[in-house]
$ cat upload01.txt   # compact mmCIF, C-alpha atoms
# COMPACT_ATOMS: atom_id res chain seq x y z
CA MET A 1 21.94 6.30 23.29
CA LEU A 2 21.47 4.68 26.69
CA ASP A 3 19.55 7.74 27.90
CA PHE A 4 17.39 7.47 24.83
CA LEU A 5 16.57 3.80 25.48
CA SER A 6 15.99 4.24 29.22
CA VAL A 7 13.04 6.53 28.45
CA PHE A 8 11.19 3.53 27.01
CA PHE A 9 11.56 1.58 30.25
CA GLN A 10 10.70 4.59 32.36
CA TYR A 11 7.29 5.03 30.71
CA ALA A 12 6.57 1.41 29.76
CA ASP A 13 3.84 0.93 32.38
CA GLN A 14 2.07 4.14 31.31
CA TRP A 15 2.33 3.82 27.53
CA GLY A 16 2.24 0.05 27.21
CA PRO A 17 -1.36 -0.69 28.22
CA ARG A 18 -2.81 2.27 26.35
CA LEU A 19 -1.01 1.46 23.11
CA ALA A 20 -1.85 -2.23 23.47
CA ARG A 21 -5.55 -1.37 23.80
CA ALA A 22 -5.32 0.88 20.76
CA ALA A 23 -3.55 -1.87 18.80
CA VAL A 24 -6.57 -4.09 19.41
CA VAL A 25 -8.79 -1.41 17.84
CA SER A 26 -6.43 -1.26 14.84
CA ALA A 27 -6.58 -5.03 14.47
CA GLN A 28 -10.39 -4.98 14.77
CA ILE A 29 -11.02 -2.34 12.11
CA SER A 30 -8.48 -4.00 9.83
CA PHE A 31 -10.10 -7.38 10.23
CA MET A 32 -13.65 -6.13 9.71
CA GLY A 33 -12.61 -3.95 6.79
CA PHE A 34 -10.86 -6.95 5.29
CA LEU A 35 -14.03 -9.06 5.62
CA VAL A 36 -16.03 -6.43 3.71
CA ALA A 37 -13.26 -6.22 1.10
CA THR A 38 -13.14 -10.00 0.64
CA VAL A 39 -16.89 -10.47 0.17
CA LEU A 40 -17.25 -7.45 -2.12
CA GLY A 41 -14.03 -8.29 -3.97
CA LEU A 42 -15.21 -11.83 -4.71
CA ALA A 43 -18.53 -10.48 -5.95
CA LEU A 44 -16.71 -8.03 -8.24
CA ALA A 45 -14.40 -10.73 -9.58
CA LEU A 46 -17.41 -12.97 -10.34
CA MET A 47 -19.22 -10.06 -12.01
CA ARG A 48 -16.24 -9.62 -14.34
CA MET A 49 -16.49 -13.31 -15.30
CA THR A 50 -20.19 -13.28 -16.15
CA LYS A 51 -21.41 -12.90 -19.71
CA SER A 52 -23.49 -9.84 -18.81
CA ARG A 53 -21.93 -6.69 -20.28
CA THR A 54 -23.62 -4.52 -17.64
CA PHE A 55 -22.14 -6.50 -14.74
CA GLN A 56 -18.73 -6.42 -16.35
CA ALA A 57 -18.93 -2.67 -16.89
CA ILE A 58 -20.04 -2.02 -13.31
CA ALA A 59 -17.22 -4.13 -11.86
CA ARG A 60 -14.66 -2.52 -14.13
CA ALA A 61 -15.78 1.02 -13.32
CA TYR A 62 -15.74 0.22 -9.60
CA ILE A 63 -12.20 -1.13 -9.73
CA LEU A 64 -10.99 1.80 -11.86
CA VAL A 65 -12.46 4.38 -9.47
CA PHE A 66 -11.16 2.80 -6.27
CA ARG A 67 -7.78 2.11 -7.83
CA GLY A 68 -7.47 5.82 -8.57
CA VAL A 69 -8.79 7.45 -5.40
CA PRO A 70 -6.72 7.44 -2.18
CA VAL A 71 -8.11 5.58 0.83
CA LEU A 72 -7.87 8.80 2.82
CA ALA A 73 -10.19 10.59 0.38
CA VAL A 74 -12.70 7.73 0.73
CA LEU A 75 -12.55 7.87 4.53
CA LEU A 76 -12.93 11.66 4.71
CA LEU A 77 -15.79 11.56 2.23
CA LEU A 78 -17.62 8.86 4.19
CA TYR A 79 -17.12 10.40 7.60
CA PHE A 80 -17.24 14.16 6.96
CA GLY A 81 -18.82 14.33 3.51
CA LEU A 82 -21.88 12.10 3.77
CA PRO A 83 -23.46 13.81 6.81
CA GLY A 84 -23.93 16.75 4.41
CA ILE A 85 -26.51 14.65 2.54
CA GLY A 86 -27.96 13.10 5.68
CA ILE A 87 -25.96 9.88 6.06
CA LEU A 88 -24.17 9.57 9.40
CA PHE A 89 -21.54 6.99 10.32
CA SER A 90 -19.66 6.51 13.56
CA PRO A 91 -15.89 6.86 13.07
CA ILE A 92 -15.39 3.09 13.33
CA GLU A 93 -18.20 2.34 10.88
CA ALA A 94 -16.77 4.85 8.41
CA ALA A 95 -13.29 3.30 8.78
CA VAL A 96 -14.53 -0.28 8.27
CA ILE A 97 -16.73 0.62 5.29
CA GLY A 98 -14.09 2.88 3.75
CA LEU A 99 -11.26 0.36 4.06
CA GLY A 100 -13.62 -2.36 2.83
CA LEU A 101 -14.75 -0.40 -0.24
CA ALA A 102 -11.22 0.67 -1.17
CA TYR A 103 -9.67 -2.77 -0.71
CA ALA A 104 -12.52 -4.61 -2.45
CA ALA A 105 -11.03 -3.33 -5.72
CA GLN A 106 -7.68 -4.84 -4.80
CA MET A 107 -9.22 -8.13 -3.63
CA ALA A 108 -11.18 -8.34 -6.88
CA GLU A 109 -7.89 -8.25 -8.79
CA VAL A 110 -6.40 -10.89 -6.48
CA PHE A 111 -9.41 -13.19 -7.00
CA ARG A 112 -9.29 -12.59 -10.74
CA GLY A 113 -5.67 -13.69 -10.84
CA GLY A 114 -6.67 -16.85 -8.96
CA PHE A 115 -9.57 -17.65 -11.26
CA GLN A 116 -7.38 -17.15 -14.33
CA ALA A 117 -4.93 -19.72 -12.99
CA ILE A 118 -7.66 -22.39 -12.92
CA LEU A 119 -7.82 -24.34 -16.15
CA ALA A 120 -11.11 -24.25 -18.05
CA GLY A 121 -11.19 -28.06 -17.90
CA GLN A 122 -12.02 -27.85 -14.18
CA TRP A 123 -15.29 -26.04 -14.94
CA GLU A 124 -16.06 -28.37 -17.83
CA SER A 125 -15.46 -31.59 -15.93
CA ALA A 126 -17.49 -30.32 -12.97
CA ALA A 127 -20.35 -29.56 -15.37
CA ALA A 128 -19.88 -32.94 -17.03
CA VAL A 129 -20.47 -34.83 -13.77
CA GLY A 130 -23.66 -32.83 -13.27
CA PHE A 131 -22.63 -29.98 -10.96
CA THR A 132 -24.57 -26.74 -11.25
CA PRO A 133 -22.37 -23.66 -11.90
CA TRP A 134 -22.87 -22.61 -8.27
CA GLN A 135 -21.81 -26.06 -7.02
CA SER A 136 -18.75 -26.10 -9.28
CA LEU A 137 -17.73 -22.70 -7.98
CA ARG A 138 -18.23 -23.59 -4.33
CA LEU A 139 -16.89 -27.16 -4.30
CA ILE A 140 -14.31 -27.30 -7.08
CA ILE A 141 -13.08 -23.88 -8.15
CA LEU A 142 -13.03 -21.75 -5.00
CA PRO A 143 -11.04 -24.21 -2.86
CA GLN A 144 -8.33 -24.25 -5.53
CA VAL A 145 -8.45 -20.47 -5.98
CA VAL A 146 -8.09 -19.91 -2.24
CA ARG A 147 -4.96 -22.04 -2.14
CA ILE A 148 -3.43 -20.17 -5.08
CA ILE A 149 -4.15 -16.67 -3.80
CA MET A 150 -3.24 -17.21 -0.14
CA ALA A 151 0.04 -15.27 -0.37
CA PRO A 152 -1.34 -12.18 -2.18
CA VAL A 153 -4.35 -12.21 0.18
CA ILE A 154 -2.05 -11.94 3.20
CA VAL A 155 -0.01 -9.21 1.51
CA THR A 156 -3.24 -7.30 0.84
CA PHE A 157 -4.25 -7.68 4.48
CA VAL A 158 -0.90 -6.27 5.63
CA THR A 159 -1.34 -3.29 3.30
CA LEU A 160 -4.85 -2.77 4.64
CA LEU A 161 -3.58 -2.98 8.21
CA LYS A 162 -1.04 -0.27 7.44
CA ASP A 163 -3.74 1.91 5.87
CA SER A 164 -5.94 1.43 8.93
CA SER A 165 -3.63 4.06 10.49
CA LEU A 166 -5.46 6.58 8.29
CA ALA A 167 -8.53 6.03 10.48
CA ALA A 168 -6.69 8.24 13.00
CA LEU A 169 -7.58 11.17 10.75
CA ILE A 170 -11.31 10.47 11.15
CA THR A 171 -10.92 10.25 14.94
CA VAL A 172 -10.96 6.47 15.37
CA ASN A 173 -9.09 5.75 18.59
CA GLU A 174 -6.62 3.37 17.01
CA LEU A 175 -2.90 2.95 17.45
CA LEU A 176 -1.65 6.06 15.69
CA LEU A 177 -4.23 8.42 17.22
CA GLU A 178 -3.51 7.06 20.68
CA GLY A 179 0.18 7.63 19.94
CA ARG A 180 -0.64 11.20 18.98
CA ALA A 181 -2.56 11.72 22.21
CA LEU A 182 0.35 10.34 24.21
CA ALA A 183 2.81 12.52 22.27
CA SER A 184 0.94 15.65 23.26
CA GLU A 185 0.74 14.50 26.90
CA TYR A 186 4.37 13.47 27.37
CA PHE A 187 6.15 15.60 24.76
CA LEU A 188 8.24 12.61 23.68
CA PRO A 189 6.99 12.12 20.10
CA LEU A 190 10.07 10.29 18.82
CA HIS A 191 9.90 7.59 21.49
CA ILE A 192 6.15 7.24 21.27
CA TYR A 193 5.96 7.01 17.48
CA ILE A 194 8.80 4.49 17.45
CA TRP A 195 6.81 2.42 19.94
CA VAL A 196 3.72 2.77 17.73
CA GLY A 197 5.76 1.65 14.72
CA ALA A 198 7.06 -1.35 16.67
CA MET A 199 3.49 -2.42 17.48
CA TYR A 200 2.45 -2.29 13.83
CA PHE A 201 5.60 -4.20 12.97
CA ALA A 202 4.80 -6.87 15.57
CA ILE A 203 1.50 -7.59 13.81
CA ALA A 204 2.59 -7.11 10.20
CA PHE A 205 6.01 -8.76 10.11
CA PRO A 206 4.96 -12.35 11.00
CA LEU A 207 2.19 -12.10 8.39
CA SER A 208 4.63 -10.84 5.75
CA MET A 209 6.98 -13.71 6.54
CA MET A 210 4.10 -16.16 6.21
CA ALA A 211 3.16 -14.69 2.82
CA LYS A 212 6.77 -14.96 1.65
CA HIS A 213 6.95 -18.57 2.79
CA LEU A 214 3.70 -19.47 1.00
CA ALA A 215 4.83 -17.71 -2.20
CA ASN A 216 8.18 -19.54 -2.17
CA ARG A 217 6.45 -22.87 -1.68
CA ALA A 218 4.03 -22.17 -4.56
CA ASN A 219 6.95 -21.16 -6.81
CA SER A 220 8.96 -24.26 -6.09
CA ARG A 221 5.91 -26.37 -6.82
CA VAL A 222 5.51 -24.69 -10.21
CA ARG A 223 9.17 -25.35 -11.03
CA GLN A 224 8.89 -29.05 -10.31
CA MET B 225 -21.54 26.70 -8.52
CA ALA B 226 -19.53 29.90 -8.31
CA PHE B 227 -18.09 28.60 -5.06
CA LEU B 228 -16.94 25.46 -6.85
CA PHE B 229 -15.23 27.29 -9.71
CA GLU B 230 -13.87 30.32 -7.88
CA THR B 231 -12.74 28.80 -4.61
CA VAL B 232 -12.69 24.99 -4.53
CA LEU B 233 -11.15 24.19 -7.91
CA PRO B 234 -8.30 26.74 -7.83
CA SER B 235 -7.29 25.65 -4.35
CA LEU B 236 -7.47 21.93 -5.14
CA LEU B 237 -5.60 22.35 -8.41
CA THR B 238 -2.82 24.25 -6.62
CA GLY B 239 -2.76 21.29 -4.25
CA ALA B 240 -2.58 18.93 -7.23
CA LEU B 241 0.67 20.59 -8.29
CA VAL B 242 2.13 19.84 -4.86
CA THR B 243 0.78 16.28 -5.05
CA ILE B 244 2.52 15.79 -8.40
CA THR B 245 5.75 17.40 -7.17
CA VAL B 246 5.86 15.21 -4.06
CA THR B 247 5.07 12.13 -6.16
CA ILE B 248 7.85 12.81 -8.67
CA ALA B 249 10.46 13.77 -6.08
CA SER B 250 9.82 10.79 -3.80
CA LEU B 251 9.57 8.48 -6.83
CA ALA B 252 13.02 9.64 -7.95
CA LEU B 253 14.45 9.08 -4.48
CA ALA B 254 12.78 5.66 -4.19
CA LEU B 255 13.99 4.50 -7.60
CA ALA B 256 17.59 5.60 -7.13
CA LEU B 257 17.93 4.26 -3.60
CA GLY B 258 15.92 1.10 -4.31
CA PHE B 259 17.96 0.23 -7.39
CA GLY B 260 21.22 0.80 -5.50
CA LEU B 261 20.07 -1.41 -2.63
CA ALA B 262 18.91 -4.12 -5.04
CA LEU B 263 22.31 -4.16 -6.76
CA LEU B 264 24.16 -4.39 -3.45
CA ARG B 265 21.82 -7.06 -2.12
CA GLN B 266 21.89 -9.12 -5.28
CA PHE B 267 25.51 -9.01 -6.38
CA LEU B 268 27.85 -8.02 -3.57
CA GLY B 269 27.52 -11.28 -1.64
CA PHE B 270 28.55 -9.56 1.59
CA ARG B 271 26.56 -11.25 4.35
CA VAL B 272 26.33 -8.41 6.90
CA LEU B 273 25.30 -5.87 4.29
CA SER B 274 22.61 -8.22 2.92
CA ILE B 275 21.14 -8.62 6.39
CA LEU B 276 21.17 -4.85 6.92
CA ILE B 277 19.35 -4.31 3.62
CA ASP B 278 16.78 -6.97 4.55
CA ILE B 279 16.21 -5.22 7.87
CA TYR B 280 15.77 -1.94 6.01
CA THR B 281 13.16 -3.32 3.61
CA GLU B 282 11.21 -5.22 6.28
CA TYR B 283 11.25 -2.19 8.60
CA PHE B 284 9.81 0.12 5.99
CA ARG B 285 7.36 -2.38 4.53
CA ASN B 286 5.72 -3.50 7.75
CA ILE B 287 5.02 -0.13 9.37
CA PRO B 288 2.45 2.36 8.02
CA ALA B 289 3.88 5.23 5.97
CA LEU B 290 1.97 7.66 8.17
CA THR B 291 3.86 6.39 11.23
CA HIS B 292 7.17 6.92 9.40
CA LEU B 293 6.09 10.44 8.52
CA PHE B 294 5.22 11.17 12.16
CA ILE B 295 8.59 9.83 13.31
CA ILE B 296 10.44 11.94 10.73
CA TYR B 297 8.37 15.11 11.09
CA PHE B 298 7.33 15.26 14.76
CA GLY B 299 9.78 12.80 16.27
CA LEU B 300 12.99 14.21 14.79
CA ALA B 301 11.86 17.79 15.47
CA ALA B 302 11.66 16.91 19.17
CA VAL B 303 15.35 15.96 19.17
CA GLY B 304 16.33 19.11 17.27
CA LEU B 305 16.19 18.02 13.60
CA ARG B 306 13.51 20.23 12.07
CA LEU B 307 12.43 19.45 8.50
CA SER B 308 9.86 21.34 6.46
CA SER B 309 6.68 19.36 5.89
CA LEU B 310 7.47 18.98 2.19
CA THR B 311 11.01 17.74 2.84
CA ALA B 312 9.76 15.31 5.48
CA ALA B 313 7.08 14.07 3.08
CA ILE B 314 9.52 13.47 0.22
CA ILE B 315 12.13 11.81 2.44
CA GLY B 316 9.52 9.68 4.24
CA LEU B 317 7.73 8.45 1.12
CA GLY B 318 11.08 8.06 -0.67
CA LEU B 319 12.53 5.86 2.07
CA VAL B 320 9.39 3.72 2.23
CA GLY B 321 9.36 3.54 -1.56
CA ALA B 322 13.00 2.43 -1.74
CA ALA B 323 12.08 -0.66 0.28
CA ILE B 324 9.35 -1.48 -2.25
CA THR B 325 11.35 -0.75 -5.40
CA CYS B 326 14.33 -2.68 -4.00
CA GLU B 327 12.14 -5.80 -3.86
CA ILE B 328 10.75 -5.11 -7.34
CA PHE B 329 14.21 -4.71 -8.89
CA ARG B 330 15.48 -7.78 -7.06
CA SER B 331 12.74 -10.00 -8.41
CA GLY B 332 13.50 -8.46 -11.81
CA PHE B 333 17.13 -9.59 -11.51
CA ILE B 334 16.07 -13.01 -10.29
CA ALA B 335 13.74 -13.39 -13.29
CA VAL B 336 16.58 -12.90 -15.80
CA LYS B 337 17.63 -16.36 -16.91
CA ILE B 338 20.87 -17.71 -15.47
CA GLY B 339 22.12 -18.51 -18.98
CA GLN B 340 22.41 -14.77 -19.65
CA THR B 341 25.09 -14.41 -16.98
CA GLU B 342 26.89 -17.51 -18.17
CA ALA B 343 26.87 -16.38 -21.80
CA ALA B 344 28.12 -12.89 -20.91
CA ARG B 345 30.94 -14.36 -18.84
CA ALA B 346 31.74 -16.84 -21.62
CA VAL B 347 32.32 -14.05 -24.15
CA GLY B 348 34.75 -12.48 -21.70
CA MET B 349 32.71 -9.74 -20.02
CA THR B 350 33.78 -8.68 -16.54
CA PRO B 351 31.20 -9.10 -13.75
CA MET B 352 30.59 -5.32 -13.83
CA GLN B 353 30.01 -5.37 -17.59
CA THR B 354 27.69 -8.33 -17.22
CA ILE B 355 25.57 -6.48 -14.68
CA TRP B 356 25.45 -3.14 -16.50
CA LEU B 357 25.19 -4.27 -20.12
CA ILE B 358 23.32 -7.57 -19.89
CA LEU B 359 21.43 -8.06 -16.62
CA ALA B 360 20.33 -4.55 -15.61
CA PRO B 361 18.60 -3.64 -18.91
CA GLN B 362 16.61 -6.90 -18.86
CA ALA B 363 15.80 -6.68 -15.14
CA ILE B 364 14.61 -3.08 -15.47
CA ARG B 365 12.36 -4.01 -18.38
CA ILE B 366 10.78 -6.81 -16.33
CA SER B 367 10.35 -4.41 -13.41
CA LEU B 368 8.48 -1.75 -15.36
CA PRO B 369 4.87 -2.96 -14.87
CA PRO B 370 5.18 -3.42 -11.06
CA LEU B 371 7.03 -0.09 -10.86
CA GLY B 372 4.08 1.53 -12.63
CA ASN B 373 1.71 0.08 -10.05
CA TYR B 374 3.97 1.33 -7.30
CA ALA B 375 3.99 4.84 -8.80
CA LEU B 376 0.19 4.87 -8.84
CA GLN B 377 0.08 3.69 -5.22
CA LEU B 378 2.62 6.39 -4.32
CA MET B 379 0.57 9.11 -5.99
CA LYS B 380 -2.41 8.10 -3.85
CA ASP B 381 -0.27 7.78 -0.74
CA THR B 382 0.85 11.40 -1.04
CA SER B 383 -2.61 12.22 0.33
CA ILE B 384 -1.41 11.17 3.79
CA VAL B 385 1.20 13.92 3.90
CA SER B 386 -1.73 16.26 4.52
CA ALA B 387 -1.43 14.95 8.09
CA ILE B 388 1.90 16.75 8.45
CA ALA B 389 0.52 19.91 6.82
CA ALA B 390 2.06 19.64 3.35
CA PRO B 391 -0.31 21.76 1.21
CA GLU B 392 -1.40 19.10 -1.29
CA ILE B 393 -4.92 18.24 -2.53
CA MET B 394 -6.25 16.64 0.66
CA PHE B 395 -4.74 19.29 2.93
CA ASN B 396 -6.29 22.11 0.93
CA ALA B 397 -9.60 20.22 0.90
CA ARG B 398 -9.55 19.81 4.66
CA SER B 399 -8.69 23.43 5.33
CA MET B 400 -11.50 24.61 3.02
CA VAL B 401 -13.92 22.28 4.80
CA THR B 402 -13.20 23.87 8.17
CA SER B 403 -14.06 27.31 6.81
CA SER B 404 -16.97 26.54 4.48
CA PHE B 405 -18.59 23.27 5.65
CA GLN B 406 -19.27 22.29 2.02
CA THR B 407 -17.83 18.87 2.87
CA THR B 408 -19.59 16.69 0.29
CA LEU B 409 -18.78 19.01 -2.61
CA ILE B 410 -15.16 19.57 -1.61
CA TYR B 411 -14.24 15.95 -0.91
CA THR B 412 -16.02 14.69 -4.02
CA THR B 413 -14.15 17.21 -6.16
CA ALA B 414 -10.88 16.19 -4.49
CA ALA B 415 -11.58 12.52 -5.26
CA MET B 416 -12.33 13.46 -8.89
CA ILE B 417 -8.98 15.24 -9.22
CA TYR B 418 -7.13 12.18 -7.93
CA LEU B 419 -9.07 10.09 -10.43
CA LEU B 420 -8.07 12.45 -13.25
CA ILE B 421 -4.40 12.13 -12.30
CA SER B 422 -4.61 8.35 -11.96
CA LEU B 423 -6.48 7.54 -15.19
CA PRO B 424 -3.53 8.24 -17.52
CA MET B 425 -1.31 6.31 -15.10
CA VAL B 426 -3.63 3.28 -15.19
CA HIS B 427 -3.61 3.47 -18.97
CA ALA B 428 0.18 3.64 -19.06
CA ILE B 429 0.45 0.67 -16.68
CA SER B 430 -1.75 -1.55 -18.81
CA ARG B 431 0.37 -0.66 -21.84
CA LEU B 432 3.52 -1.51 -19.89
CA GLU B 433 1.93 -4.79 -18.87
CA ALA B 434 1.01 -5.62 -22.46
CA ARG B 435 4.55 -4.83 -23.62
CA PHE B 436 6.78 -6.06 -20.79
CA GLY B 437 4.47 -8.28 -18.72
CA ARG B 438 5.94 -11.60 -17.64
CA ARG B 439 3.28 -13.71 -19.30
CA ASN B 440 4.52 -12.92 -22.81
$ encode --input "upload01.txt" --output "structure tokens"
Amino acid sequence: MLDFLSVFFQYADQWGPRLARAAVVSAQISFMGFLVATVLGLALALMRMTKSRTFQAIARAYILVFRGVPVLAVLLLLYFGLPGIGILFSPIEAAVIGLGLAYAAQMAEVFRGGFQAILAGQWESAAAVGFTPWQSLRLIILPQVVRIIMAPVIVTFVTLLKDSSLAALITVNELLLEGRALASEYFLPLHIYIWVGAMYFAIAFPLSMMAKHLANRANSRVRQ
Amino acid sequence: MAFLFETVLPSLLTGALVTITVTIASLALALALGFGLALLRQFLGFRVLSILIDIYTEYFRNIPALTHLFIIYFGLAAVGLRLSSLTAAIIGLGLVGAAITCEIFRSGFIAVKIGQTEAARAVGMTPMQTIWLILAPQAIRISLPPLGNYALQLMKDTSIVSAIAAPEIMFNARSMVTSSFQTTLIYTTAAMIYLLISLPMVHAISRLEARFGRRN
């Protein structure tokens, strides 16, 4: 056991900086992918709330498709599949767009849950004091929705962060791919992948705790 | 067209069988282990064990499944424990899944009203009887919709076991791509097959939600 642990210290100065740099790439693609997912997800949630049948159908079909297709299939299609019809992405672009498209479906559901929790009276009273629908949404509804969905939003981000490891399979130099490169250089895959796992954990765990804390606080407020 | 029907589809459908097998096997492992952990965590009241179970769930929920698969498949092989890619896939996804289902079952137990326990005890049931006959059936019913969502997520997540060479849909797609370069066709067909598997699941989940969802 002690031998096993000493290996970590022995190679810390060689593995540490490289994996730290790769972790930054992981965080970057996750963050950018999450931005795309949030914007698109909000748009989809709003489309489902409009009266237009066409908009509703489009949003529904989008969510159904991306709920059913694995993120990996989306990434491989974007990066390897689209050049076949003349569309080229860099690995990072493909990862950000792919994660964004896939998680937009999930964010749309999160937003929908938030909107459903807002009482209709909020819209009506905003309209009654002369707000346009856009103003009501921006000034009255969205701030409340954001507070309600904070916990599921963080959970979704953590899931997205974990799935950003799939970008390794389309050659993005993120944490897991760097781990793989190190594993084939040093022939110590168990140590290296445990280190990689620890780095993901270091980012994800505090966020998960935060989400749990927020959810508990929301629950206790409901019970009062 | 002939290429699609004679080469791509047969290979991807063979892969789909592996996808379904891995999904069912790891789902079974996840459900059994997760339910056991939830029972221990919820009812045993043994501090050290509770902390260990919490460590287990947080460990598996905050690290990507692909990293777990690499640790199990490549990492353990390096210290002499060689697993086949299918075994590693099922164990890996099953262990990750147990962390998720444990949380689902636990919130199911928490959602059962406290009066149920009190009433069962009042009519003279032992704690074991209370858990098995009164609490577990209700908790499982509450857990069904989130479990359905988890199963769908798991089915999609089996695509990552292609990275440790388990011959499922995505693996077969990738190996055909390297020999034929028909990337757009192959990956689109693969996505369609996933969609075909998931549609009945989505339908089943919405029925579960209508029947057992918490809002009713």
$ atom_distance --input "upload01.txt" --atom1 "atom CA of B:Ile388" --atom2 "atom CA of B:Gln406"
22.8 Å
$ closest_residue --input "upload01.txt" --among "B:Pro288, B:Gly348, B:Pro370, B:Gly304" --to "chain A" --atoms "only C-alpha atoms"
B:Pro288
$ residues_around --input "upload01.txt" --residues "stretch 16-29 of chain A" --least-positions-apart "2" --cutoff "7 Å" --atoms "only C-alpha atoms" --output "list of chain:residue names"
A:Ala12, A:Asp13, A:Gln14, A:Phe31, A:Met32, A:Gly33, A:Ala95, A:Val96, A:Ser164, A:Asn173, A:Glu174, A:Leu175, A:Glu178
$ write_last_selection --input "upload01.txt" --atoms "C-alpha atoms" --output "compact mmCIF listing (two decimals), in the coordinates of the input"
# COMPACT_ATOMS: atom_id res chain seq x y z
CA ALA A 12 6.57 1.41 29.76
CA ASP A 13 3.84 0.93 32.38
CA GLN A 14 2.07 4.14 31.31
CA PHE A 31 -10.10 -7.38 10.23
CA MET A 32 -13.65 -6.13 9.71
CA GLY A 33 -12.61 -3.95 6.79
CA ALA A 95 -13.29 3.30 8.78
CA VAL A 96 -14.53 -0.28 8.27
CA SER A 164 -5.94 1.43 8.93
CA ASN A 173 -9.09 5.75 18.59
CA GLU A 174 -6.62 3.37 17.01
CA LEU A 175 -2.90 2.95 17.45
CA GLU A 178 -3.51 7.06 20.68
$ interface_residues --input "upload01.txt" --of "chain B" --to "chain A" --cutoff "10 Å" --atoms "all atoms listed in the file" --output "MDAnalysis selection string"
chainID B and resid 282:303 373 376:384 386:387 393:394 397:398 401 405:412 414:423 425:426
$ atom_distance --input "upload01.txt" --atom1 "atom CA of A:Leu139" --atom2 "atom CA of A:Val110"
19.5 Å
$ atom_distance --input "upload01.txt" --atom1 "atom CA of B:Arg431" --atom2 "atom CA of B:Leu368"
10.4 Å
$ residues_near_point --input "upload01.txt" --point "(6.2, 2.2, -7.2)" --cutoff "12 Å" --atoms "only C-alpha atoms" --output "PyMOL selection string"
chain B and resi 247-248+250-256+258-259+317-329+367-381+425+429
$ residues_near_point --input "upload01.txt" --point "(-12.2, -9.4, -2.1)" --cutoff "8 Å" --atoms "all atoms listed in the file" --output "VMD selection string"
chain A and resid 34 to 45 103 to 108 110 to 111
$ residues_around --input "upload01.txt" --residues "B:Asn396" --least-positions-apart "3" --cutoff "10 Å" --atoms "all atoms listed in the file" --output "PyMOL selection string"
chain B and resi 232+235-240+386+389-393+399-401+410+414
$ write_last_selection --input "upload01.txt" --atoms "C-alpha atoms" --output "CSV table (one decimal), in the frame of the given file"
chain,number,residue,atom,x,y,z
B,232,VAL,CA,-12.7,25.0,-4.5
B,235,SER,CA,-7.3,25.6,-4.4
B,236,LEU,CA,-7.5,21.9,-5.1
B,237,LEU,CA,-5.6,22.4,-8.4
B,238,THR,CA,-2.8,24.2,-6.6
B,239,GLY,CA,-2.8,21.3,-4.2
B,240,ALA,CA,-2.6,18.9,-7.2
B,386,SER,CA,-1.7,16.3,4.5
B,389,ALA,CA,0.5,19.9,6.8
B,390,ALA,CA,2.1,19.6,3.4
B,391,PRO,CA,-0.3,21.8,1.2
B,392,GLU,CA,-1.4,19.1,-1.3
B,393,ILE,CA,-4.9,18.2,-2.5
B,399,SER,CA,-8.7,23.4,5.3
B,400,MET,CA,-11.5,24.6,3.0
B,401,VAL,CA,-13.9,22.3,4.8
B,410,ILE,CA,-15.2,19.6,-1.6
B,414,ALA,CA,-10.9,16.2,-4.5
